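Colleague: Have a look at this one before I ask anything.
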Amino acid sequence: MAGAPAMDMRIDQIITDSRSFETVRSALFVALRSRKNDGHRYVRKMYVEGVRYFLISCFLPEFETMPDAFFIEVEDTMIALQEWAAWHRSRFSVPVVGITGSNGKTIVKEWLSFLLGFDKHIVRSPKSFNSQIGVPLSVLQMDTADDMGIFEAGISEPGEMASLRAVMQPTIGILTNIGTAHDAGFENRRQKTCEKLKLFGLSQKLIFCADYQDIIGALADGGLPKSVRLLSWSAATSDKQSVSAGPADLQILENRVCSGGRVLKALFQAKEHSLRIPFSDQASFENAVHCWLFMLDAGFPDAVIE
């Protein structure tokens with residue numbers, strides 16, 4: 001620690017990339033280490049830019065020449081950032097939606113935030129912040145004014161999701177799909193699916209599409225505790241049954257491409273619902289139905305959703 005400022009310090013911004021930041025006022029620079037780089041190399045640069053608060057894992061001799069800087073030294077800055085975010089998350093009892101999958105995470109997050117934002121104050125992941133660094137930075141945005149958090153999580157190899165679950169602690173889960181993204185980091189699709197499901201181990205419910213074999217297989221293998229309520233949708237027709245063992249909670253009855261988008265009809269809780277979306281591609285269809293099922297299960301009337 002070199003020349004500590006007043007202890008009533010307030011952190012308004014966390015900087016992890018020395019190349020991109022908005023302001024240095026009340027900012028904390030986290031010196032992260034990776035296989036290719038070391039944030040400690042940029043502490044001097046950030047000091048010159050005006051930053052005075054630093055989270056480090058190694059106090060270098062050159063730091064002694066920064067007399068008005070305040071250094072917090074920990075064993076591992078990444079773990080410290082994640083544990084800080086997990087503690088911050090634990091202070092809030094509002095619902096948190098956790099989204100993962102091979103594709104569509106950011107779109108579903110943005111659409112759901114838009115749909116719910118009319119009468120709720122939503123805090124969400126900025127851009128595509130879904131990594132080991134992005135998730136804690138997203139969660140640290142939570143404030144007492146927020147009614148709900150919507151965050152996305154992405155992984156590229158086994159073992160990564162446990163730390164993200166600890167940080168995010170989602171009460172509601174959405175698994176968008178399982179595709180080819182990051183296949184190289186896993187033994188097979190089933191393993192990748194099981195790893196993604198670990199985000200929802202403590203959630204109250206999970207929304208997913210029952211037409212993905214790997215998702216159904218991973219759930220059948222005990223991928224989640226029985227306490228997690230499974231809420232599925234399917235677009236399978238009568239001549240092409242869903243891979244799920246039972247009927248989906250939201251069964252798509254009509255999926256018709258029309259001028260300017262698609263017309264959808266579905267059965268949910270023994271009642272027929274309809275929706276028109278301004279997208280015709282398959283990916284947008286799936287993303288929209290995830291949001292549709294979320295809204296229906298939350299009790300929103302058709303007119304409001306439309």
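Identifiers in the structure tokens: chain A, B, ... in order shown; residue index from 1 per chain; ligand index from 1 in order shown.
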Select from segment 39-125 of chain A every residue with an atom at most 12 Å from any atom of segment 161-180 of chain A, then for each give the shortest pair of atoms and their distance in Å to one decimal, using only C-alpha atoms, rows by chain and rising number, as a Markdown table.

Modeller:
```
| residue | atom | partner | partner_atom | distance |
| --- | --- | --- | --- | --- |
| A:Met78 | CA | A:Ser163 | CA | 10.6 |
| A:Ile79 | CA | A:Ser163 | CA | 8.8 |
| A:Ala80 | CA | A:Val167 | CA | 11.2 |
| A:Leu81 | CA | A:Val167 | CA | 9.6 |
| A:Gln82 | CA | A:Val167 | CA | 6.2 |
| A:Glu83 | CA | A:Val167 | CA | 7.1 |
| A:Trp84 | CA | A:Val167 | CA | 8.5 |
| A:Ala85 | CA | A:Val167 | CA | 5.8 |
| A:Ala86 | CA | A:Val167 | CA | 4.1 |
| A:Trp87 | CA | A:Val167 | CA | 7.8 |
| A:His88 | CA | A:Val167 | CA | 8.6 |
| A:Arg89 | CA | A:Met168 | CA | 6.8 |
| A:Ser90 | CA | A:Gln169 | CA | 8.2 |
| A:Arg91 | CA | A:Gln169 | CA | 11.4 |
| A:Phe92 | CA | A:Gln169 | CA | 10.5 |
| A:Ser93 | CA | A:Thr171 | CA | 9.7 |
| A:Val94 | CA | A:Thr171 | CA | 8.9 |
| A:Pro95 | CA | A:Thr171 | CA | 5.8 |
| A:Val96 | CA | A:Pro170 | CA | 4.8 |
| A:Val97 | CA | A:Ile172 | CA | 4.7 |
| A:Gly98 | CA | A:Gly173 | CA | 4.9 |
| A:Ile99 | CA | A:Ile174 | CA | 4.8 |
| A:Thr100 | CA | A:Leu175 | CA | 5.2 |
| A:Gly101 | CA | A:Thr176 | CA | 4.9 |
| A:Ser102 | CA | A:Ile178 | CA | 5.1 |
| A:Asn103 | CA | A:Asn177 | CA | 6.6 |
| A:Gly104 | CA | A:Thr176 | CA | 6.3 |
| A:Lys105 | CA | A:Thr176 | CA | 6.7 |
| A:Thr106 | CA | A:Thr176 | CA | 10.2 |
| A:Ile107 | CA | A:Thr176 | CA | 10.1 |
| A:Val108 | CA | A:Thr176 | CA | 8.1 |
| A:Lys109 | CA | A:Ile174 | CA | 9.6 |
| A:Leu112 | CA | A:Ile174 | CA | 10.9 |
| A:Arg124 | CA | A:Met168 | CA | 11.3 |
| A:Ser125 | CA | A:Met168 | CA | 10.9 |
```

Colleague: Phe59 of chain A: which residues within 12 Å, counting only C-alpha atoms, same-chain residues fewer than 4 positions away excluded, as a list in words?

Modeller: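 Residues near the query, excluding close chain neighbours: Met1, Ala2, Ala31, His40, Arg41, Val43, Phe54, Leu55, Phe63, Glu64, Thr65, Met66, Phe70, Phe71, Ile72, Glu73, Val74 and Glu75 of chain A.
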
Colleague: Could you save the residues just selected, with C-alpha atoms, as an mmCIF file, in the first residue's frame?

Modeller:
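After the write, part-v9.cif holds the following:
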```cif
data_model
loop_
_atom_site.group_PDB
_atom_site.id
_atom_site.type_symbol
_atom_site.label_atom_id
_atom_site.label_comp_id
_atom_site.auth_asym_id
_atom_site.auth_seq_id
_atom_site.Cartn_x
_atom_site.Cartn_y
_atom_site.Cartn_z
ATOM 1 C CA MET A 1 0.000 0.000 0.000
ATOM 2 C CA ALA A 2 1.465 3.354 -0.975
ATOM 3 C CA ALA A 31 -4.884 -5.861 -12.750
ATOM 4 C CA HIS A 40 0.166 -5.197 -13.673
ATOM 5 C CA ARG A 41 2.132 -3.978 -16.696
ATOM 6 C CA VAL A 43 -0.714 0.110 -13.616
ATOM 7 C CA PHE A 54 -5.804 -0.493 -7.833
ATOM 8 C CA LEU A 55 -6.621 -4.154 -7.163
ATOM 9 C CA PHE A 63 4.447 1.128 -7.358
ATOM 10 C CA GLU A 64 6.429 2.809 -4.579
ATOM 11 C CA THR A 65 6.788 5.815 -6.903
ATOM 12 C CA MET A 66 3.018 6.400 -6.849
ATOM 13 C CA PHE A 70 -4.128 3.098 -2.970
ATOM 14 C CA PHE A 71 -3.348 -0.596 -3.598
ATOM 15 C CA ILE A 72 -5.461 -3.542 -2.474
ATOM 16 C CA GLU A 73 -3.328 -6.675 -2.743
ATOM 17 C CA VAL A 74 -5.016 -10.085 -3.021
ATOM 18 C CA GLU A 75 -3.852 -13.545 -3.985
#
```

Colleague: Can you pull out the residues contacting Pro225 of chain A? Cut-off 10 Å, using only C-alpha atoms, and skip same-chain residues under 3 positions away; I want them as a ChimeraX atom specification.

Modeller: /A:200-203,219,222,228-229
